[in-house]
Structures are given as structure tokens and as C-alpha cells.
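What follows is a set of notes on a single structure, which appears directly below.
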There are 4 protein chains.
Amino acid sequence: MIRVTVFNEYVHERNEAKVREVYPNGIHGAIAQALGGIEDITVKCVTMDMPENGLPQQLLDETDVLIWWAHLAHNQVSDEVARRVQRRVLDGMGFVALHSAHASKPFSLLLGTRSPVLRWRENDEQQRVWCVSPGHPIAAGLGESFVIPKDETYGEYFEIPTPDELVFISWFSGGNVFRSGCCWKRGAGKIFYFQGGHETYPIYYQTEVKRVIQNAVRWAAPTYPAIVFNEARCEQIPPVEQ
Amino acid sequence: MIRVTVFNEYVHERNEAKVREVYPNGIHGAIAQALGGIEDITVKCVTMDMPENGLPQQLLDETDVLIWWAHLAHNQVSDEVARRVQRRVLDGMGFVALHSAHASKPFSLLLGTRSPVLRWRENDEQQRVWCVSPGHPIAAGLGESFVIPKDETYGEYFEIPTPDELVFISWFSGGNVFRSGCCWKRGAGKIFYFQGGHETYPIYYQTEVKRVIQNAVRWAAPTYPAIVFNEARCEQIPPVEQ
Amino acid sequence: MIRVTVFNEYVHERNEAKVREVYPNGIHGAIAQALGGIEDITVKCVTMDMPENGLPQQLLDETDVLIWWAHLAHNQVSDEVARRVQRRVLDGMGFVALHSAHASKPFSLLLGTRSPVLRWRENDEQQRVWCVSPGHPIAAGLGESFVIPKDETYGEYFEIPTPDELVFISWFSGGNVFRSGCCWKRGAGKIFYFQGGHETYPIYYQTEVKRVIQNAVRWAAPTYPAIVFNEARCEQIPPVEQ
Amino acid sequence: MIRVTVFNEYVHERNEAKVREVYPNGIHGAIAQALGGIEDITVKCVTMDMPENGLPQQLLDETDVLIWWAHLAHNQVSDEVARRVQRRVLDGMGFVALHSAHASKPFSLLLGTRSPVLRWRENDEQQRVWCVSPGHPIAAGLGESFVIPKDETYGEYFEIPTPDELVFISWFSGGNVFRSGCCWKRGAGKIFYFQGGHETYPIYYQTEVKRVIQNAVRWAAPTYPAIVFNEARCEQIPPVEQ
């Protein structure tokens with residue numbers, strides 16, 4: 001059983017009628033729905049306004065994959081919670097960052113960048129997502145490319161560390177390209193970033209995007225208990241017997 | 001069900017009593033045994049002296065993961081068979097190269113190196129295999145390090161492309177280090193190289209080594225049907241609708 | 001002093017008036033011109049119809065960087081010459097593959113792919129080349145992106161090993177993206193692939209493209225004598241003194 | 001001209017006679033000496049007890065490569081200074097972290113790890129540093145391997161992101177291996193970590209180690225002015241003209 005927690009800052013939906021119309025149950029609601037009805041996945045949703053930003057240690061300890069959507073209010077997540085997430089990832093929890101979560105505190109802590117520089121504009125452009133890693137589990141069932149009819153445009157240069165695996169590159173009708181599906185390992189944990197999902201478009205209801213999220217959850221889930229590092233690690237190892 | 005084919009050149013065991021004593025059923029026999037009794041894995045063994053080196057197209061087409069052990073007679077594998085293996089890997093078949101298979105034709109074709117340069121000596125040294133990628137499925141269940149009491153020593157510089165993922169680095173009592181567990185992707189296929197397994201030692205009966213091979217088979221097996229590339233790929237894609 | 005050899009198959013220019021008009025001195029002539037007048041670079045040109053395809057061992061031994069342009073006649077390069085190039089690269093020579101040289105024998109030998117699968121069409125599309133690795137020497141002086149007004153369209157999936165460094169991703173007006181500037185290391189040698197340069201367009205006269213080639217030559221040139229690997233490498237290393 | 005700044009926390013040398021004996025001019029003094037007399041390199045030294053930890057913005061702005069040695073007092077470097085270093089690296093400054101600087105604030109910020117987990121012990125063991133990337137400029141002039149007669153032992157698992165380039169792997173006589181020479185890119189900047197250099201041994205006077213540091217400085221120095229990212233990056237790019 002893969003235990004997924006969806007974190008949403010949940011600000012746009014409350015403050016903007018346009019967004020609420022697209023996501024009446026919140027973006028987290030749509031993401032949870034994308035993972036619903038899958039027999040080996042359970043989903044919990046939390047929002048930023050909850051105590052400890054919805055992420056007390058115990059919940060993280062019982063989370064296999066954490067999905068993060070946020071945009072406006074990255075600074076309202078406490079440093080303590082951000083570090084807690086970082087540590088859990090290093091110890092093996094999966095982390096899936098969606099869209100503007102590239103600028104969230106946990107993402108920056110894990111990848112070592114500042115709120116990453118990138119090009120962007122809101123221009124109703126078409127995005128075509130190309131697979132550059134056939135055979136990668138996150139691309140399973142998706143074909144060579146798929147179209148997101150309208151999305152916010154993100155463009156290179158995207159100030160991220162070189163991905164350990166690059167799964168998708170997106171083409172935007174306005175002339176930009178973007179590394180839109182990126183994998184990294186940090187410690188025992190896996191991280192996936194997916195660009196799609198501006199709050200004003202119904203992108204998380206789209207079949208292909210739901211499949212990406214499902215695939216990402218399966219890929220990021222830890223496959224076995226992580227090695228425990230403790231003080232004993234500083235002792236001498238048994239002498240070499242020849 | 002993962003369909004595994006084990007290829008063995010099967011020369012040492014026939015010509016050297018010392019090796020036959022260690023591997024009375026051939027090295028392929030020991031490897032098949034390591035994978036035996038696992039409910040979702042089936043194993044076939046072939047040897048180099050069979051027609052088409054034991055690897056007709058049909059068998060490859062029905063193989064999910066090909067394991068390769070060879071040492072003395074790399075040149076007796078035909079170029080045609082080597083290219084056939086290469087193509088199947090690019091189309092998604094897993095390939096696990098053991099020990100001196102680093103110098104085999106399929107490995108060279110896939111990785112682009114000549115019979116890779118490395119240091120080596122037969123000196124009954126202890127090998128300690130360290131995991132440098134906790135959380136990697138090939139390291140599952142193995143702990144921080146394990147010892148192979150005696151093995152042929154392999155040492156850097158090992159003339160391989162930078163591994164896409166480095167799982168193990170080995171320490172040898174005589175003063176060498178070696179990247180002993182390496183992953184690459186080529187096309188839709190996955191490749192794993194594992195250093196352990198000189199023919200004069202009972203290494204493929206060792207619990208940890210058997211676990212490495214089991215893990216590698218699961219990791220290398222294709223997870224979904226590969227994308228088919230055909231002529232249509234040169235046509236124009238549908239026009240952009242704004 | 002960096003000694004560059006430019007290899008051109010030189011078939012299009014002889015057989016097609018349209019191409020000859022664009023490249024009256026051959027594509028090799030234009031590339032040589034792009035490197036001309038640089039005080040620490042010397043250039044020689046060879047063509048495929050010369051003895052040994054223009055690449056006898058001695059010339060390769062005196063070459064620091066080999067540039068390769070070919071398209072129609074990859075099979076007319078002998079296997080022997082292709083392997084000779086591969087060995088020199090592994091020993092430290094730089095190799096710059098342009099445009100359709102992705103399907104050349106030396107490129108395939110070095111990267112382990114078959115004539116790589118990719119999408120393509122001739123459609124007079126605009127290509128915008130985006131830098132995804134600011135700070136990389138091959139991007140020096142080029143800015144965030146530059147436009148090639150018309151080029152043959154190449155599209156993903158491009159069946160290459162994951163580049164060790166990805167420098168450029170191209171956007172094509174027809175809807176495709178392409179990893180158009182890729183670096184790999186093989187042995188002691190460096191390889192750079194650049195997509196731009198279909199034979200019917202004057203691309204190798206374009207300022208930015210000339211700069212890419214100049215930068216690539218400097219980057220690929222060996223920086224010091226490569227380590228020599230010889231038989232002594234199999235001997236025991238000096239015992240550990242504690 | 002490459003402008004190098006050497007940062008030393010400078011605590012051991014003041015508090016421990018044993019260390020002061022080895023480094024009477026401070027570890028920074030020895031490192032500066034290793035870079036002395038090279039015509040295109042200038043060196044400044046700063047210590048942690050200076051105002052702003054010795055690293056005001058202006059000095060960083062005039063630094064091409066920052067070398068960092070620290071061990072006991074990582075927390076006495078202010079968060080503000082650590083972030084300032086991070087930003088300068090992302091904008092193109094080189095960063096060379098030596099020995100226990102793996103646990104420094106700037107290193108953690110840049111690489112996204114916590115004070116990285118690793119094995120260690122002080123045991124007067126021999127370290128043999130093996131080159132696994134011949135042809136890499138940081139390995140220039142160093143041969144296949146070299147010995148550090150006595151050093152603190154560091155061992156895997158070392159909780160770092162997969163290096164973009166792995167240059168050295170060390171063997172320790174007590175049975176450990178360690179990725180001891182690692183390269184990363186972050187933004188436009190280059191980072192090199194080198195393990196050698198425990199404060200109680202005269203390692204920074206050793207010819208090979210001095211060569212590593214010289215090579216690392218040349219490699220990490222920015223090769224051209226970094227691309228400037230500004231607000232204009234959010235505007236629309238010029239329309240595609242077909």
C-alpha cells in the first residue's frame with residue numbers, strides 16, 4: 001500500500017472565483033481524485049493553513065509519497081516544516097513537486113537552488129509534452145507526446161541541477177522549451193518535478209496528466225526500508241582477514 | 001512474469017577441473033538456481049556452442065532480461081548475434097552483464113567502449129562491496145556493505161561511460177577500488193553490470209550475490225510495452241491550434 | 001595549438017546544384033572557414049573519397065579534434081576507419097559530430113546506439129536553440145537563445161544515451177523539441193553533437209553556429225596527455241605500508 | 001587572472017598545539033602557498049572570525065573561486081553569509097570544498113543535503129586516491145593513483161547528490177571506499193569537493209594534493225560572463241516569423 005499525502009497551499013481557490021470554478025474542491029481535491037480508486041494507493045489531503053502547515057512529523061512518518069502544489073505563499077510554510085520534509089525525503093520518502101512548487105521551500109532545500117529562475121508568462125499557449133525517456137516508468141502508457149491545450153508558459157533557462165533522469169521536455173507555441181519532467185535522487189528519496197498545472201486551467205482533470213501523477217507516485221514510493229544511519233557508522237569495520 | 005535467459009560461454013567448466021568442481025552444473029546452472037523458486041520469474045539457459053550461440057531472434061523476442069557470463073571466447077559470439085542483442089536492448093530488453101562480460105561483444109556495442117581497459121590480477125583478495133545508492137532497488141535487502149571473501153581483483157581505471165546510476169563501489173584488500181555495480185539506459189532498455197564472479201570461486205552461491213542478481217533482474221525487466229518507432233515518425237505532427 | 005581535422009563525405013555538394021550553390025567550397029570549406037584566422041587553431045580538411053576515407057592512422061594521431069559531417073553515405077566509411085576513430089577518441093581525441101553525423105559509424109560505435117532513431121522532416125521550419133547550461137564553455141558568448149531561420153526539423157525521441165551534459169535544447173516551429181547540443185565523455189575523449197546544419201541552408205555561415213563550433217573545438221581538445229594504459233596495469237600495486 | 005579567496009574557520013590551529021605545529025600559518029596559509037607563484041592566480045585569505053565571517057558581498061563579487069575549509073564551527077557562519085555564497089555560486093563563482101567542508105552551510109545549501117552522513121574515523125590509515133576520469137582537467141598531471149600516507153578515514157555511504165562528474169575514488173587501508181573527488185554544477189557555477197586534508201596531517205603540503213587544488217581552481221573558474229537573468233525574461237519572445 002502506497003500512502004500518499006497531498007499538500008496544497010489552497011489560497012487561489014479561496015480568493016479567486018475563476019480558480020474556484022475550475023477547482024471547486026481545491027487543487028488537492030482534483031489530485032486526490034486522480035489517485036482515487038486505485039487499490040494499492042491511499043490518499044490524505046492537507047492544506048497550508050492547518051497547524052504545522054498540515055504536516056506534523058507523525059503524518060510525514062506515515063507518508064510514502066508527498067505531493068506538493070503551491071504558488072503564492074511559499075513563505076508561509078515554516079522553515080521547520082520545510083526541513084522536516086527535507087529530512088524525510090533523505091530518509092526515503094518520495095516527493096512530487098507540481099508546477100510552481102519549483103519555488104517552494106522543500107524543493108529549494110532539496111535541490112540546492114534559490115527559488116529557481118525560469119522564464120514564464122500567462123498567455124494561453126499550447127504545451128506539447130515530449131517523452132525523451134521511453135521505458136521510464138513515469139512515461140508508461142503515454143505515447144510519444146501529448147498536448148496540454150492551454151497552460152502557463154514556462155521556459156528555459158530553468159535553474160535546476162542537472163536531472164538524474166530527464167523524462168519530458170515541453171514545447172510551447174510561443175517559442176519556448178522547458179524540461180518539464182525531471183527526476184532526482186537525494187539520499188534514499190526520489191523527487192519528481194512536473195511542470196503542468198496552472199491554477200486557471202483544468203489540467204489536473206486531463207487523462208494524460210492524471211497518468212503522469214499516478215506513475216510518479218509509483219516511481220517515487222520507497223521500494224524497501226532505507227538503511228538506518230547511526231553512530232555505529234563511525235566505528236571501525238571488522239579487520240580484513242586475508 | 002519475468003522471462004530470464006541466462007547465456008554462458010561454458011568453456012571454463014568443460015576444460016578446467018578446478019572450475020568444474022566449483023560449478024558442476026555450469027555457471028549458468030548456478031545463476032539459474034539463484035533465480036529458481038521465485039514465482040514470477042522463469043529461467044532458460046543457453047550456451048555459446050548452440051546454433052546461433054543459443055540466441056535465435058525468437059528466443060530474444062521472448063526474453064525480458066538477458067544475463068551474460070563469458071570470459072575466454074568473446075570472439076566466438078557472432079557479430080550478427082551481438083547486434084541482435086543490442087537491438088533488443090534498445091527496444092526494451094534488460095541486460096545483466098556479469099564479471100568478465102564487460103569485454104563481451106554486446107556490452108561493447110551497447111556502451112561504445114572497446115573491450116574496456118581495467119586493472120586486474122588473480123590474487124585471492126578480499127572484496128568488500130559498498131552500497132553508494134541506498135534506496136536503489138538493486139541494493140534492496142543488502143545493508144551498507146558485504147564481503148566476497150575471495151575474488152579476482154578488478155581495479156580502476158575502468159573504461160566505461162559514466163554510469164547513469166552507480167550502485168556499488170568495491171574495495172579490494174590489495175589496494176584497488178572498482179565501480180562494481182553500474183546502471184545504464186540505452187534506448188528503452190536497462191543495463192546492469194556487476195563485477196563479482198570469477199570462475200574459480202563459489203561466488204554465485206553466496207546469498208548476497210544471489211540477491212544482487214535477483215534485484216537486478218527485477219530492476220532491468222521492462223515495465224511496459226516500449227513505444228514503437230516507425231516511418232510515421234517522420235511525418236508532420238498535427239498543426240498547432242491556438 | 002589545437003589541430004583540427006574536418007571530415008566531410010562531400011557527396012551532396014558534388015551531386016546537387018542546390019547544395020553546391022550554398023556550399024561552393026564544400027561544407028568542409030565552410031567549417032574550415034569558421035575556424036580560420038584563430039591563432040591557436042590549425043585546420044585540415046579531408047573527404048570520404050580519399051584513400052582510407054582520408055583518415056590514415058598518422059593523421060588521426062596528429063589530430064586533437066575531429067569534426068564530422070556526413071549524411072548519405074555512412075556505409076562507405078570502412079569499419080576499420082570507424083574503429084580507428086573510436087580508439088583515438090577513447091585515447092583522448094575530441095570528436096564533434098554535426099547534424100546527420102548522428103548516424104555515422106564512429107558516432108554509433110562510441111555511443112552504443114544503432115543509427116539513432118529520431119523524428120525528422122524537411123519543412124523549412126524555424127529552429128530556436130535554447131541554452132540550458134549557462135556557464136558551459138560551449139555556450140560562451142551566445143546568450144539565452146538564438147534562431148536558425150530555416151533548418152531541417154529533428155524531433156524527439158532521439159535514441160541517444162543520456163548526455164553527460166546537455167547544453168542546448170531546440171524548439172521547432174512545427175511542434176517538435178530536440179536535444180540539439182549534447183556532450184559525452186568516452187574514455188579520455190570528449191564528444192559533442194550539434195544538430196544544426198542541413199545541407200540546403202547556409203547554416204555554417206551563421207555567426208552563432210560558427211561560435212558553437214569554435215567553442216566546441218576548444219572544449220573537446222584534450223587538455224593534457226592522456227594516461228597511458230599498458231600491461232603493467234595488471235601487476236600488483238605496491239603493498240600497503242601501515 | 002583568476003581571483004581566489006581562501007576561507008578558513010581557523011579554530012583548530014589556534015586551540016590545538018598539534019595542529020598549529022603542522023600548520024603554523026593556518027590551513028589557509030598552506031592552501032595559499034599551494035597557489036602561490038602561479039602567474040595568473042591571485043589569492044586572498046579570510047577567516048571566520050572576521051566581520052561578516054570575512055566574506056562581505058564586495059569580496060565575493062570580486063572572487064572567481066572560493067575555497068572553503070572548516071570543521072568545528074560550521075554554525076558560526078551566519079545564514080546570511082551562507083546564502084550570499086550560494087547566490088554567487090549560482091551566478092557563476094567556483095566553489096572548492098575541502099575535507100570536512102562537506103558539512104558546511106554553503107555546501108549544504110548548494111547540494112541540498114543535510115550535513116551529509118558519512119562514515120569516518122581517525123585511525124592513521126593510508127588513503128590511495130584513484131582517478132576514475134582520465135582526461136578530466138582536475139586529474140591533469142596526476143597519474144592513475146597517488147597515496148596520502150595518513151589521513152582521517154571517510155567512508156561510504158556519503159549522502160551527496162550523484163556527482164555530475166566523479167573524478168576520484170579513494171581506498172582506505174581499513175576497508176572503506178569514498179567518492180573523494182566530486183564535481184557538480186549549480187546554476188552557472190561549478191563546485192568541487194575533495195576529501196583529503198585532516199587538520200593533523202601535513203596533507204596540504206603534498207605535491208599531488210597541491211596539484212589537485214591548482215587544477216580545481218582552474219576548472220572551477222568561470223570561463224565567461226554568466227548570462228544575466230532579469231525581469232525581461234518574463235516577457236514574450238519575438239513572434240515566430242515563418
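As shown in the C-alpha cells, the chain order sets the letters A, B, ...; within each chain, residues go from 1, and ligands are also counted from 1 in the order they appear.
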
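For chain A, the residues close to chain D, meaning within 6 Å and counting only C-alpha atoms, are Leu109, Leu110, Leu111, Gly112, Arg119, Trp120, Arg121, Glu159, Pro161, Arg186, Gly187, Arg233 and Cys234 of chain A.
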
**For range 203-219 of chain C: contacts at 6 Å, only C-alpha atoms, fewer than 4 positions along chain excluded, given as a list in words** = Ala34, Ile138 and Gly197 of chain C

Could you dump the residues just selected with all heavy atoms as an mmCIF file, in the first residue's frame?
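After the write, again26.cif holds the following:
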```cif
data_model
loop_
_atom_site.group_PDB
_atom_site.id
_atom_site.type_symbol
_atom_site.label_atom_id
_atom_site.label_comp_id
_atom_site.auth_asym_id
_atom_site.auth_seq_id
_atom_site.Cartn_x
_atom_site.Cartn_y
_atom_site.Cartn_z
ATOM 1 N N ALA C 34 35.044 28.769 -40.684
ATOM 2 C CA ALA C 34 34.563 29.168 -39.351
ATOM 3 C C ALA C 34 35.669 29.109 -38.311
ATOM 4 O O ALA C 34 35.615 29.789 -37.287
ATOM 5 C CB ALA C 34 33.397 28.261 -38.926
ATOM 6 N N ILE C 138 30.756 25.723 -24.122
ATOM 7 C CA ILE C 138 30.234 25.671 -25.496
ATOM 8 C C ILE C 138 29.147 26.728 -25.709
ATOM 9 O O ILE C 138 28.838 27.106 -26.833
ATOM 10 C CB ILE C 138 29.737 24.238 -25.842
ATOM 11 C CG1 ILE C 138 30.929 23.273 -25.837
ATOM 12 C CG2 ILE C 138 29.044 24.194 -27.203
ATOM 13 C CD1 ILE C 138 30.593 21.831 -26.163
ATOM 14 N N GLY C 197 22.466 22.314 -39.215
ATOM 15 C CA GLY C 197 23.314 22.218 -40.379
ATOM 16 C C GLY C 197 22.858 21.366 -41.539
ATOM 17 O O GLY C 197 23.679 20.665 -42.143
#
```

**Request:** Find the residues around Gln127 in chain A up to 8 Å (only C-alpha atoms counted), leave out those fewer than 4 positions away in its own chain, and share them as number ranges by chain.
**Result:** A: 147-151, 153, 170-173

Keeping only N, CA and C atoms, take the residues you just selected and write them out as a compact mmCIF listing (two decimals), in the first residue's frame.
```txt
# COMPACT_ATOMS: atom_id res chain seq x y z
N VAL A 147 -0.66 16.65 -25.62
CA VAL A 147 -0.87 18.09 -25.65
C VAL A 147 -1.66 18.53 -24.42
N ILE A 148 -1.18 19.60 -23.78
CA ILE A 148 -1.99 20.32 -22.80
C ILE A 148 -2.48 21.56 -23.54
N PRO A 149 -3.79 21.65 -23.79
CA PRO A 149 -4.28 22.68 -24.73
C PRO A 149 -3.88 24.09 -24.35
N LYS A 150 -4.00 24.41 -23.05
CA LYS A 150 -3.58 25.73 -22.59
C LYS A 150 -2.92 25.59 -21.24
N ASP A 151 -1.80 26.24 -21.07
CA ASP A 151 -1.12 26.24 -19.77
C ASP A 151 -0.30 27.52 -19.69
N THR A 153 3.02 29.37 -19.67
CA THR A 153 4.27 29.04 -20.34
C THR A 153 5.43 29.14 -19.35
N SER A 170 9.04 19.98 -22.76
CA SER A 170 7.84 20.56 -23.33
C SER A 170 8.16 21.64 -24.36
N TRP A 171 7.29 21.68 -25.35
CA TRP A 171 7.30 22.67 -26.40
C TRP A 171 6.11 23.61 -26.15
N PHE A 172 6.33 24.91 -26.23
CA PHE A 172 5.24 25.87 -26.07
C PHE A 172 5.06 26.64 -27.38
N SER A 173 3.83 26.93 -27.70
CA SER A 173 3.56 27.53 -29.01
C SER A 173 4.20 28.90 -29.17
```

**Message:** Residues near Val19 in chain B, anyone? I mean within 12 Å using only C-alpha atoms, not counting same-chain ones fewer than 4 positions away, as a VMD selection string.
**Reply:** chain B and resid 10 to 15 23 to 27 197 to 203

**Asked** Can you tell me how far CA of His99 in chain A sits from CA of Ala70 in chain A, in Å to one decimal?
**Response**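 Separation of CA of His99 in chain A and CA of Ala70 in chain A: 8.1 Å.
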
**Message:** For a quick check of understanding, using only C-alpha atoms, which of B:Phe7, B:Cys183, B:Ile67, B:Glu16 has the smallest distance to Pro137 in chain B?
**Reply:** B:Cys183

Which residues come within 7 Å of Ile41 in chain B, counting only C-alpha atoms, excluding same-chain residues fewer than 2 positions away, as a short mmCIF file (atom, residue, chain, number, x, y, z; two decimals) with C-alpha atoms, in the first residue's frame?
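Below you can see part.cif, which holds the result:
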```cif
data_model
loop_
_atom_site.label_atom_id
_atom_site.label_comp_id
_atom_site.auth_asym_id
_atom_site.auth_seq_id
_atom_site.Cartn_x
_atom_site.Cartn_y
_atom_site.Cartn_z
CA MET B 1 6.04 -12.98 -15.25
CA ILE B 2 9.68 -12.02 -15.98
CA ARG B 3 11.26 -14.25 -18.60
CA ILE B 38 10.71 -17.27 -7.45
CA GLU B 39 7.12 -17.34 -8.50
CA VAL B 43 14.57 -19.03 -16.44
#
```

**Message:** Show me, as a count of residues only, the residues that have an atom within 8 Å of His74 in chain C when counting only C-alpha atoms, minus same-chain residues fewer than 4 positions from it.
**Reply:** 4
